[in-house]
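*Asks:* The structure follows.
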Amino acid sequence: MTDTKINVDATFGAEVKVGDIIKPGQQLGMDPNAGQPVISEIKGMVKEIIFDSEDHQLQIVISR
């Protein structure tokens with residue numbers, strides 16, 4: 001399996017949780033730099049969500 005890591009703004013949180021099955025076109029959270037929605041381009045399962053306190057972002061790890 002290949003893991004893909006996607007960053008979202010921690011202030012708004014993640015729209016998914018560990019164990020969720022992600023589909024293309026699904027919103028994952030908000031872009032930390034642009035304030036726009038982060039939309040998944042891949043299908044997979046959320047393996048983990050990691051908080052990066054230095055950048056105040058959540059890193060969503062998706063296995064596919």
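Chain identifiers are assigned as A, B, and so on, following the order in which chains appear in the structure tokens; residues are numbered from 1 within each chain, and ligands are numbered from 1 in order of appearance.
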Pick out the residues sitting within 9 Å of Gln59 (chain A), and hand them over as a count of residues only; count only C-alpha atoms, and ignore anything fewer than 5 positions along from it in its own chain.
*Replies:* 11
*Asks:* Just list as number ranges by chain whatever in chain A DSSP marks as strand (DSSP E).
*Replies:* A: 3-9, 21-22, 27-30, 37-39, 44-52, 57-63
*Asks:* Report, in Å to a single decimal, how far apart CA of Leu58 (chain A) and CA of Ile22 (chain A) are.
*Replies:*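 Interatomic distance, CA of Ile22 (chain A) to CA of Leu58 (chain A): 16.2 Å.
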*Asks:* Which residues are near Ser40 (chain A)? Cut-off 7 Å, only C-alpha atoms, ignore same chain within fewer than 3 positions. Put them as a list of chain:residue names.
*Replies:*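 The neighbour list is A:Lys23, A:Pro24, A:Gly25, A:Gln26, A:Gln27, A:Leu28.
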*Asks:* Of the candidates A:Glu15, A:Val61, A:Asp31, A:Thr4, which shows the shortest atom-to-atom distance to Val46 (chain A), using only C-alpha atoms?
*Replies:*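 Of A:Glu15, A:Val61, A:Asp31, A:Thr4, the one nearest Val46 (chain A) is A:Val61, counting only C-alpha atoms.
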